[in-house]
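Engineer: So here's entry15.cif, just mmCIF, C-alpha atoms:
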```cif
data_coords
#
loop_
_atom_site.label_atom_id
_atom_site.label_comp_id
_atom_site.auth_asym_id
_atom_site.auth_seq_id
_atom_site.Cartn_x
_atom_site.Cartn_y
_atom_site.Cartn_z
CA MET W 26 0.00 0.00 0.00
CA ASP W 27 2.75 2.45 -0.73
CA GLY W 28 1.64 4.07 -3.98
CA TYR W 29 4.15 6.79 -4.86
CA ARG W 30 5.88 6.43 -1.50
CA HIS W 31 9.09 4.78 -2.69
CA GLN W 32 9.11 6.12 -6.19
CA GLU W 33 10.68 9.27 -7.44
CA LEU W 34 8.27 11.69 -9.05
CA THR W 35 9.51 12.61 -12.49
CA ASP W 36 7.81 13.79 -15.64
CA GLU W 37 8.38 10.41 -17.20
CA THR W 38 6.87 8.54 -14.30
CA ILE W 39 3.82 10.72 -14.28
CA GLU W 40 3.45 10.54 -18.03
CA LYS W 41 3.71 6.78 -17.98
CA ASP W 42 1.17 6.52 -15.19
CA ILE W 43 -1.24 8.84 -17.02
CA GLU W 44 -0.97 6.78 -20.17
CA ALA W 45 -1.57 3.63 -18.19
CA ALA W 46 -4.56 5.17 -16.44
CA LEU W 47 -6.08 6.38 -19.70
CA GLY W 48 -5.28 3.22 -21.62
CA ALA W 49 -8.66 1.66 -20.93
CA ASP W 50 -10.39 0.10 -23.90
CA PRO W 51 -14.10 -0.08 -24.50
CA SER W 52 -15.91 -3.39 -24.35
CA PRO W 53 -16.20 -5.42 -27.57
CA GLY W 54 -19.88 -4.57 -27.89
CA PHE W 55 -19.22 -0.86 -27.84
CA LEU W 56 -18.88 -0.24 -31.58
CA PRO W 57 -21.87 -2.41 -32.59
CA ARG W 58 -23.96 -0.58 -30.00
CA ILE W 59 -23.01 2.76 -31.50
CA ARG W 60 -23.83 1.48 -34.98
CA ALA W 61 -27.22 0.30 -33.78
CA ARG W 62 -27.80 3.67 -32.21
CA ILE W 63 -26.82 5.42 -35.43
CA ALA W 64 -29.19 3.17 -37.39
CA ASN W 65 -31.91 4.17 -34.98
CA GLU W 66 -31.06 7.81 -35.52
CA ARG W 67 -31.17 7.25 -39.24
CA MET W 68 -34.66 5.80 -39.01
CA GLN W 69 -35.80 8.73 -36.96
CA GLU W 70 -34.21 11.08 -39.42
CA GLY W 71 -36.01 9.31 -42.27
CA TRP W 72 -39.28 9.75 -40.47
CA PHE W 73 -38.39 13.36 -39.88
CA TRP W 74 -37.65 13.93 -43.52
CA SER W 75 -40.84 12.27 -44.67
CA ALA W 76 -42.80 14.37 -42.18
CA SER W 77 -41.12 17.52 -43.36
CA TRP W 78 -41.93 16.63 -46.97
CA ARG W 79 -45.50 16.02 -45.95
CA TRP W 80 -45.64 19.48 -44.42
CA ALA W 81 -44.04 20.90 -47.52
CA ARG W 82 -46.72 19.28 -49.64
CA VAL W 83 -49.46 20.68 -47.40
CA ALA W 84 -47.86 24.11 -47.57
CA ALA W 85 -47.70 23.91 -51.38
CA VAL W 86 -51.40 23.00 -51.62
CA VAL W 87 -52.39 25.84 -49.28
CA THR W 88 -50.32 28.29 -51.31
CA ALA W 89 -51.91 27.12 -54.55
CA VAL W 90 -55.40 27.53 -53.10
CA ALA W 91 -54.54 31.01 -51.87
CA VAL W 92 -53.16 32.01 -55.29
CA ILE W 93 -56.30 30.74 -57.04
CA ALA W 94 -58.50 32.58 -54.55
CA VAL W 95 -56.66 35.84 -55.08
CA TRP W 96 -56.73 35.37 -58.85
CA THR W 97 -60.48 34.78 -58.81
CA LEU W 98 -61.18 37.80 -56.64
CA ARG W 99 -59.17 40.03 -58.92
CA ASP W 100 -60.96 38.83 -62.04
CA PRO W 101 -62.55 41.96 -63.68
CA SER W 102 -65.43 39.91 -65.11
CA ARG W 103 -66.78 39.54 -61.60
CA ALA W 104 -68.82 42.53 -60.52
CA PRO W 105 -66.88 44.53 -57.98
CA ARG W 106 -68.64 46.61 -55.40
CA PRO W 107 -68.85 50.31 -56.27
CA ALA W 108 -66.25 52.42 -54.62
CA HIS W 109 -67.35 54.71 -51.85
CA VAL W 110 -65.36 57.63 -53.16
CA VAL W 111 -67.75 58.20 -56.06
CA ASN W 112 -69.67 61.39 -55.30
CA THR W 113 -73.34 62.10 -55.58
CA PRO W 114 -74.71 65.36 -57.01
CA PRO W 115 -75.62 68.06 -54.48
CA VAL W 116 -79.14 68.12 -53.15
CA GLU W 117 -79.83 71.85 -52.76
CA SER W 118 -78.09 73.28 -55.83
CA THR W 119 -78.77 72.10 -59.35
CA PRO W 120 -75.98 72.36 -61.86
CA PRO W 121 -76.24 75.05 -64.55
CA PRO W 122 -77.06 73.93 -68.08
CA VAL W 123 -74.09 72.71 -69.94
CA ASP W 124 -73.45 73.01 -73.60
CA SER W 125 -73.95 69.53 -75.03
CA ALA W 126 -71.51 70.19 -77.83
CA LEU W 127 -68.69 70.51 -75.36
CA PRO W 128 -66.87 67.40 -74.16
CA ALA W 129 -68.03 65.88 -70.91
CA PRO W 130 -66.28 67.26 -67.85
CA ALA W 131 -63.55 65.12 -66.65
CA LEU W 132 -63.67 66.33 -63.14
CA VAL W 133 -67.01 67.10 -61.60
CA ALA W 134 -67.92 67.42 -57.97
CA SER W 135 -69.94 69.53 -55.60
CA SER W 136 -68.46 71.95 -53.16
CA VAL W 137 -70.60 70.39 -50.45
CA GLU W 138 -69.09 66.99 -51.06
CA SER W 139 -65.61 68.38 -51.31
CA SER W 140 -65.71 69.46 -47.71
CA LYS W 141 -66.64 65.95 -46.55
CA PRO W 142 -63.85 63.62 -45.55
CA VAL W 143 -63.70 60.38 -47.44
CA SER W 144 -65.24 57.82 -45.16
CA ALA W 145 -64.27 54.66 -47.03
CA PRO W 146 -61.34 52.68 -45.67
CA VAL W 147 -58.06 53.08 -47.42
CA ALA W 148 -57.88 49.45 -48.49
CA ARG W 149 -61.26 49.61 -50.14
CA ALA W 150 -60.31 52.82 -51.96
CA GLU W 151 -57.12 51.20 -53.14
CA ARG W 152 -58.97 48.14 -54.37
CA SER W 153 -61.39 50.36 -56.28
CA THR W 154 -58.52 52.13 -58.03
CA ARG W 155 -57.29 48.81 -59.42
CA ASN W 156 -60.33 48.41 -61.62
CA PRO W 157 -60.33 51.00 -64.39
CA ALA W 158 -64.01 50.42 -65.09
CA VAL W 159 -64.97 51.57 -61.64
CA VAL W 160 -62.59 54.45 -61.09
CA ALA W 161 -62.14 56.71 -64.06
CA ARG W 162 -61.81 59.96 -62.19
CA PRO W 163 -60.61 61.18 -58.85
CA GLY W 164 -63.09 62.28 -56.22
CA VAL W 165 -63.15 66.09 -55.85
CA LEU W 166 -61.17 68.75 -57.65
CA VAL W 167 -63.30 71.65 -58.95
CA SER W 168 -66.84 72.85 -58.40
CA LEU W 169 -69.57 72.54 -61.02
CA ASP W 170 -69.57 76.30 -61.72
CA GLU W 171 -65.86 76.31 -62.27
CA ALA W 172 -66.14 73.28 -64.52
CA ALA W 173 -68.85 74.99 -66.58
CA ALA W 174 -66.76 78.14 -66.89
CA LEU W 175 -63.77 76.12 -67.94
CA ARG W 176 -65.81 74.32 -70.58
CA GLN W 177 -67.10 77.62 -71.92
CA LEU W 178 -63.58 78.99 -72.08
CA ILE W 179 -62.34 75.94 -73.94
CA GLY W 180 -65.29 76.24 -76.33
CA ALA W 181 -64.53 79.90 -76.98
CA ILE W 182 -60.89 79.14 -77.63
CA ALA W 183 -61.91 76.36 -80.00
CA ALA W 184 -64.29 78.74 -81.83
CA ARG W 185 -61.46 81.30 -81.98
CA GLN W 186 -63.59 83.79 -80.07
CA VAL W 187 -60.80 84.14 -77.51
CA GLU W 188 -57.09 84.19 -78.28
CA ALA W 189 -55.30 81.83 -75.92
CA MET W 190 -52.19 84.03 -75.92
CA ASP W 191 -54.17 86.93 -74.47
CA ILE W 192 -55.61 85.00 -71.53
CA PRO W 193 -52.90 85.85 -68.98
CA GLN W 194 -53.16 89.55 -69.81
CA LEU W 195 -56.97 89.50 -69.64
CA ALA W 196 -56.86 87.66 -66.35
CA ALA W 197 -54.44 90.23 -64.89
CA GLU W 198 -56.63 93.14 -65.97
CA SER W 199 -60.04 91.75 -65.10
CA ALA W 200 -59.52 90.25 -61.67
CA PRO W 201 -57.12 92.15 -59.45
CA LEU W 202 -56.24 90.25 -56.32
CA PRO W 203 -57.78 91.59 -53.13
CA MET W 204 -55.46 93.08 -50.55
CA ILE W 205 -54.75 90.85 -47.62
CA GLU W 206 -55.55 92.44 -44.37
CA GLU W 207 -53.16 91.98 -41.54
CA ILE W 208 -54.48 89.78 -38.78
CA VAL W 209 -53.85 91.14 -35.30
CA LEU W 210 -54.11 88.74 -32.43
CA GLU W 211 -54.75 90.14 -29.00
CA PRO W 212 -52.52 88.77 -26.27
CA ILE W 213 -54.19 86.16 -24.12
CA GLU W 214 -54.20 86.87 -20.44
CA LEU W 215 -54.50 84.07 -17.96
CA ARG W 216 -55.97 85.03 -14.62
CA PRO W 217 -55.87 82.75 -11.60
CA LEU W 218 -59.18 81.51 -10.29
CA ASP W 219 -60.51 83.38 -7.25
CA GLY W 220 -61.27 80.28 -5.25
CA LEU W 221 -57.80 78.82 -5.72
CA GLU W 222 -56.01 82.06 -4.88
CA SER W 223 -57.41 82.09 -1.35
CA GLU W 224 -56.09 78.59 -0.67
CA MET G 4 -38.40 17.78 -66.69
CA HIS G 5 -38.98 14.28 -65.34
CA GLU G 6 -35.42 13.31 -66.22
CA HIS G 7 -34.10 16.35 -64.39
CA ALA G 8 -36.09 15.44 -61.29
CA GLU G 9 -34.82 11.88 -61.43
CA ARG G 10 -31.27 13.09 -61.81
CA LEU G 11 -31.69 15.44 -58.85
CA VAL G 12 -33.09 12.68 -56.64
CA GLY G 13 -30.30 10.37 -57.78
CA SER G 14 -27.63 12.90 -56.87
CA LEU G 15 -29.24 13.48 -53.46
CA VAL G 16 -29.27 9.76 -52.73
CA THR G 17 -25.64 9.46 -53.80
CA ALA G 18 -24.68 12.37 -51.57
CA ASP G 19 -26.49 10.75 -48.66
CA LEU G 20 -24.70 7.47 -49.22
CA GLU G 21 -21.34 9.22 -49.38
CA LEU G 22 -22.14 11.02 -46.16
CA GLU G 23 -23.06 7.74 -44.48
CA ARG G 24 -19.85 6.12 -45.64
CA GLU G 25 -17.81 9.06 -44.44
CA PHE G 26 -19.46 9.00 -41.06
CA GLU G 27 -18.86 5.27 -40.74
CA ALA G 28 -15.18 5.83 -41.45
CA ARG G 29 -15.02 8.56 -38.82
CA LEU G 30 -16.81 6.34 -36.34
CA ALA G 31 -14.36 3.50 -36.81
CA ASP G 32 -11.46 5.93 -36.55
CA SER G 33 -12.56 7.89 -33.48
CA SER G 34 -14.67 5.59 -31.31
CA ARG G 35 -11.80 4.68 -29.00
CA LEU G 36 -10.77 8.32 -28.67
CA ALA G 37 -14.29 9.31 -27.66
CA PHE G 38 -14.46 6.49 -25.16
CA ARG G 39 -11.14 7.41 -23.58
CA VAL G 40 -11.99 11.06 -23.31
CA ALA G 41 -15.22 10.14 -21.55
CA PHE G 42 -13.39 7.61 -19.40
CA SER G 43 -10.82 10.20 -18.32
CA VAL G 44 -13.65 12.16 -16.74
CA LEU G 45 -15.99 9.46 -15.53
CA ARG G 46 -13.59 6.60 -14.77
CA GLN G 47 -16.34 4.09 -15.26
CA ARG G 48 -16.46 1.96 -18.33
CA GLU G 49 -20.25 1.77 -18.65
CA ASP G 50 -20.75 5.47 -18.14
CA ALA G 51 -17.95 6.30 -20.54
CA GLU G 52 -19.43 4.04 -23.21
CA ASP G 53 -22.84 5.61 -22.74
CA VAL G 54 -21.47 9.09 -23.07
CA ALA G 55 -19.37 8.23 -26.12
CA GLN G 56 -22.41 6.65 -27.73
CA GLU G 57 -24.47 9.76 -27.06
CA ALA G 58 -21.72 11.91 -28.48
CA PHE G 59 -21.66 9.87 -31.70
CA ALA G 60 -25.43 10.06 -32.01
CA LYS G 61 -25.25 13.81 -31.65
CA ALA G 62 -22.38 13.96 -34.10
CA TYR G 63 -24.41 11.96 -36.59
CA ARG G 64 -27.37 14.29 -36.27
CA ASN G 65 -25.20 17.31 -36.96
CA PHE G 66 -22.73 15.76 -39.38
CA ARG G 67 -24.34 17.44 -42.40
CA GLN G 68 -23.78 20.83 -40.88
CA LEU G 69 -20.10 20.26 -40.19
CA ARG G 70 -18.40 22.29 -42.90
CA ASP G 71 -14.84 21.19 -42.33
CA ARG G 72 -15.01 17.41 -41.99
CA THR G 73 -11.30 17.19 -41.20
CA ARG G 74 -12.12 18.79 -37.86
CA PHE G 75 -14.43 15.96 -36.89
CA ARG G 76 -12.12 14.53 -34.22
CA ALA G 77 -11.67 17.89 -32.52
CA TRP G 78 -15.40 18.47 -32.63
CA LEU G 79 -16.08 15.01 -31.22
CA VAL G 80 -13.52 15.42 -28.43
CA ARG G 81 -14.99 18.71 -27.26
CA MET G 82 -18.51 17.34 -27.41
CA THR G 83 -17.62 14.17 -25.54
CA TRP G 84 -15.67 16.08 -22.91
CA ARG G 85 -18.58 18.41 -22.24
CA MET G 86 -21.09 15.57 -22.12
CA ALA G 87 -18.88 13.57 -19.78
CA LEU G 88 -18.59 16.52 -17.41
CA ASP G 89 -22.36 16.86 -17.47
CA ARG G 90 -22.77 13.18 -16.70
CA GLN G 91 -20.26 13.45 -13.87
CA SER G 92 -22.19 16.31 -12.31
CA ALA G 93 -25.42 14.37 -12.66
CA ASN G 94 -23.83 11.30 -11.06
CA ARG G 95 -22.58 13.35 -8.15
CA ARG G 96 -25.96 14.91 -7.60
CA ARG G 97 -27.62 11.52 -7.72
CA LEU G 98 -25.13 10.06 -5.23
CA ALA G 99 -25.62 13.00 -2.90
CA ARG G 100 -29.37 12.40 -3.01
CA GLU G 101 -29.07 8.66 -2.41
CA LEU G 102 -26.41 8.84 0.31
CA PRO G 103 -28.60 9.36 3.40
CA VAL G 104 -30.70 6.33 2.54
CA GLU G 105 -27.83 4.14 1.46
CA VAL G 106 -25.72 4.79 4.56
CA GLY G 107 -28.54 3.50 6.65
CA ALA G 108 -28.59 0.36 4.55
CA GLY G 109 -24.92 -0.38 5.22
CA PHE G 110 -23.61 1.38 2.13
CA THR G 111 -20.10 2.78 2.29
CA TRP G 112 -19.25 5.98 0.45
CA PRO G 113 -17.13 4.98 -2.50
CA GLU G 114 -13.71 6.38 -3.03
CA GLN G 115 -13.47 9.13 -5.57
CA GLY G 116 -11.84 6.71 -7.93
CA ARG G 117 -14.76 4.34 -7.99
CA GLY G 118 -15.26 1.83 -10.75
CA GLN G 119 -12.21 0.32 -12.27
CA THR G 120 -9.76 1.92 -9.88
CA ARG G 121 -11.99 1.61 -6.85
CA LEU G 122 -10.22 0.46 -3.73
CA ASP G 123 -12.11 -2.19 -1.88
CA LEU G 124 -10.54 -2.66 1.54
CA HIS G 125 -12.29 -5.94 2.13
CA GLU G 126 -10.80 -7.44 -0.98
CA THR G 127 -7.93 -9.82 -0.34
CA THR G 128 -5.27 -9.18 -2.92
CA THR G 129 -1.52 -8.87 -3.27
CA ALA G 130 0.27 -5.79 -1.98
CA ASP G 131 1.49 -4.83 -5.42
CA VAL G 132 -1.96 -4.69 -6.92
CA VAL G 133 -3.24 -2.59 -4.07
CA ALA G 134 -0.26 -0.27 -4.30
CA ALA G 135 -0.84 0.18 -8.02
CA ARG G 136 -4.48 0.97 -7.39
CA GLU G 137 -3.61 3.42 -4.70
CA ARG G 138 -1.15 5.09 -6.99
CA ALA G 139 -3.65 5.34 -9.78
CA GLU G 140 -6.15 6.73 -7.31
CA HIS G 141 -3.76 9.49 -6.29
CA LEU G 142 -3.05 10.28 -9.89
CA TRP G 143 -6.73 10.51 -10.77
CA ARG G 144 -7.36 12.82 -7.87
CA ALA G 145 -4.46 15.00 -8.89
CA ILE G 146 -5.66 15.15 -12.51
CA GLU G 147 -9.19 15.91 -11.43
CA ALA G 148 -7.96 18.79 -9.30
CA LEU G 149 -6.31 20.47 -12.30
CA PRO G 150 -7.99 23.43 -14.00
CA GLU G 151 -10.10 22.28 -16.93
CA LYS G 152 -7.80 23.60 -19.66
CA LEU G 153 -4.76 21.88 -18.19
CA ARG G 154 -6.71 18.76 -17.47
CA LEU G 155 -7.88 18.38 -21.04
CA VAL G 156 -4.36 18.85 -22.37
CA VAL G 157 -3.00 16.22 -19.99
CA VAL G 158 -5.74 13.77 -20.93
CA LEU G 159 -5.39 14.26 -24.68
CA ALA G 160 -1.60 14.04 -24.50
CA GLY G 161 -1.95 10.81 -22.55
CA ILE G 162 -4.39 9.23 -25.00
CA GLU G 163 -3.15 7.25 -27.97
CA GLY G 164 0.26 8.91 -27.83
CA HIS G 165 -0.91 12.23 -29.24
CA ASP G 166 1.94 14.65 -29.79
CA MET G 167 1.75 18.40 -29.19
CA HIS G 168 0.71 19.12 -32.74
CA GLU G 169 -2.17 16.66 -32.60
CA VAL G 170 -3.35 17.93 -29.22
CA GLY G 171 -3.21 21.47 -30.58
CA ALA G 172 -5.31 20.42 -33.57
CA LEU G 173 -7.84 18.69 -31.33
CA LEU G 174 -8.17 21.72 -29.07
CA ASP G 175 -7.84 24.29 -31.82
CA VAL G 176 -4.96 26.03 -30.06
CA PRO G 177 -1.36 26.64 -31.17
CA GLU G 178 1.29 24.09 -30.39
CA GLY G 179 3.08 26.55 -28.09
CA THR G 180 -0.02 26.88 -25.97
CA VAL G 181 -0.23 23.11 -25.64
CA LYS G 182 3.42 22.98 -24.57
CA SER G 183 3.02 25.62 -21.90
CA ARG G 184 -0.19 24.09 -20.61
CA LEU G 185 1.35 20.66 -20.46
CA PHE G 186 4.36 22.02 -18.61
CA LEU G 187 2.13 23.77 -16.08
CA ALA G 188 -0.05 20.69 -15.69
CA ARG G 189 2.95 18.44 -14.98
CA LYS G 190 4.29 20.87 -12.42
CA GLN G 191 0.98 20.96 -10.65
CA LEU G 192 0.62 17.20 -10.79
CA GLU G 193 4.09 16.74 -9.32
CA GLU G 194 3.30 19.12 -6.50
CA ARG G 195 0.03 17.47 -5.68
CA LEU G 196 1.40 13.96 -5.84
CA SER G 197 4.45 14.79 -3.70
CA TRP G 198 2.12 16.41 -1.19
CA MET G 199 0.02 13.26 -1.13
CA VAL G 200 3.11 11.09 -0.63
CA THR G 201 4.31 13.30 2.24
CA ASP G 202 0.86 13.18 3.73
CA ILE G 203 0.82 9.40 3.60
CA ARG G 204 4.33 9.15 5.14
CA ASN G 205 3.33 11.36 8.03
#
```
Let me see the file written as structure tokens.
Structural biologist:
Amino acid sequence: MDGYRHQELTDETIEKDIEAALGADPSPGFLPRIRARIANERMQEGWFWSASWRWARVAAVVTAVAVIAVWTLRDPSRAPRPAHVVNTPPVESTPPPVDSALPAPALVASSVESSKPVSAPVARAERSTRNPAVVARPGVLVSLDEAAALRQLIGAIAARQVEAMDIPQLAAESAPLPMIEEIVLEPIELRPLDGLESE
Amino acid sequence: MHEHAERLVGSLVTADLELEREFEARLADSSRLAFRVAFSVLRQREDAEDVAQEAFAKAYRNFRQLRDRTRFRAWLVRMTWRMALDRQSANRRRLARELPVEVGAGFTWPEQGRGQTRLDLHETTTADVVAARERAEHLWRAIEALPEKLRLVVVLAGIEGHDMHEVGALLDVPEGTVKSRLFLARKQLEERLSWMVTDIRN
């Protein structure tokens, strides 16, 4: 029971002892056991792969169905719902008579409607813009009076009653811009409340 | 189109077969190394075999992802070492839990070098065998007390006659680092073992 007692401790001795201590060999069944384990892993992996392929197939089918659904919904032959941005004529004011010889106004809207915010959701408005049959014109740009005046002007230019080159000069002479009055704001004075002051 | 698909499947199957063959070659080449690394930590044949087996299963699962296949041995060594340390901790925890019950049942706390190098005082054997066991026991204790980095270098240098270069490749450190670590480890082992010898003499 003397262990290292009578032996000199040198690098060589220690090295030799370490090699002897670590020189253990596995049992003969070790390698076959690992191989069996690997085969088991392989089977599991095969199952895994087949499962993953099954999921891939399911995913492919779902994607195909989704694509078909989207394609069908976007089909222009199907009647889309009218867009909410299309304006209705004003109730209280009737539009002035329009010369039928002139081309139809491209942009027509009422001043009453122009002040209203568009209540339709953005997505619906966007969807309506995709179909050219539904949306041919934007919502509100000019009033009916202005549109009529514009049509008359275009008609006069076409009939050579008005020279287009003279329009800027005529406009400058006929409608001088009104002077802008200066806005004076009175300073706001904040007074403490009587009840709070006493506290 | 069909021919292309068939060719693709064929190439995938061939690649799989090549991978399997390569892994089999690595397994045959490194199984003993993995066992010995695990054994250097656990010092029990059954536990070491279990851990090495687990390490190979894990290696197999991740073999596809290993970019540099030449580094398989280093990868396996690190994995086995880590798993063996985990198993050792688990064993210690389990023993600590079972101890109060077992002591009552006449169980004696095993020496730290249980298993192959376990010293059974009731065993009748020759003095030489007991002395060798005692010596091995001291050595194991001294190795176990080393810091992990030094310990791993000592173990790998002691397995299968690895030289500095091979140990460096297995640990992914320069040869000089291996040399200095080995030097430090031997110094510490000498100190510990001489202290043990003095302790026994006294």
Engineer: Mind pulling up the distance from CA of Lys61 (chain G) to CA of Ile162 (chain G)?
Structural biologist: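 Separation between CA of Ile162 (chain G) and CA of Lys61 (chain G): 22.4 Å.
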Engineer: Taking all atoms listed in the file into account, which of G:His168, G:Arg81, G:Arg74, G:Arg48 comes nearest chain W?
Structural biologist: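 The shortest atom-to-atom distance to chain W comes from G:Arg48.
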Engineer: Take the point (-20.2, 15.7, -26.1) in the file's coordinates, draw a sphere of radius 9 Å around it, and report as a ChimeraX atom specification every protein, DNA or RNA residue with an atom inside or on it, counting all atoms listed in the file.
Structural biologist: /G:37,41,54-55,57-59,61-62,78-89
Engineer: Given the PyMOL selection byres ((chain G) within 7 of (chain W)) and the file above, list the residues it selects as an NGL selection string.
Structural biologist: :G and (35 or 38-39 or 43 or 48 or 52 or 56 or 60 or 130 or 133-135 or 137-139 or 161-162 or 189 or 193 or 200)
Engineer: Would you compute an axis-aligned box for region 168-176 of chain W, covering every atom listed for it in the file with 5 Å of margin on each side, and report centre and edge lengths in Å to one decimal as lines of an AutoDock Vina configuration file?
Structural biologist:
```
center_x = -66.7
center_y = 75.3
center_z = -64.5
size_x = 15.8
size_y = 15.6
size_z = 22.2
```
Engineer: Using only C-alpha atoms, pick whichever of G:Glu169, G:Arg184, G:Glu25, G:Leu45 has the shortest atom-to-atom distance to Leu155 (chain G).
Structural biologist: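 The answer is G:Arg184, which sits nearest to Leu155 (chain G).
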Engineer: Please report the interatomic distance between CA of Leu36 (chain G) and CA of Val158 (chain G) in Å with one decimal.
Structural biologist: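 Going from CA of Leu36 (chain G) over to CA of Val158 (chain G) covers 10.7 Å.
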Engineer: Report, in Å to a single decimal, how far apart CA of Ala174 (chain W) and CA of Ser199 (chain W) are.
Structural biologist: 15.3 Å
Engineer: From (-4.3, 14.8, -5.3), in the file's coordinates, out to 8 Å: which residues are reached, counting all atoms listed in the file? Answer as a list in words.
Structural biologist: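 It turns out the residues near that spot are His141, Leu142, Trp143, Arg144, Ala145, Ile146, Glu147, Ala148, Leu192, Arg195, Leu196, Trp198 and Met199 of chain G.
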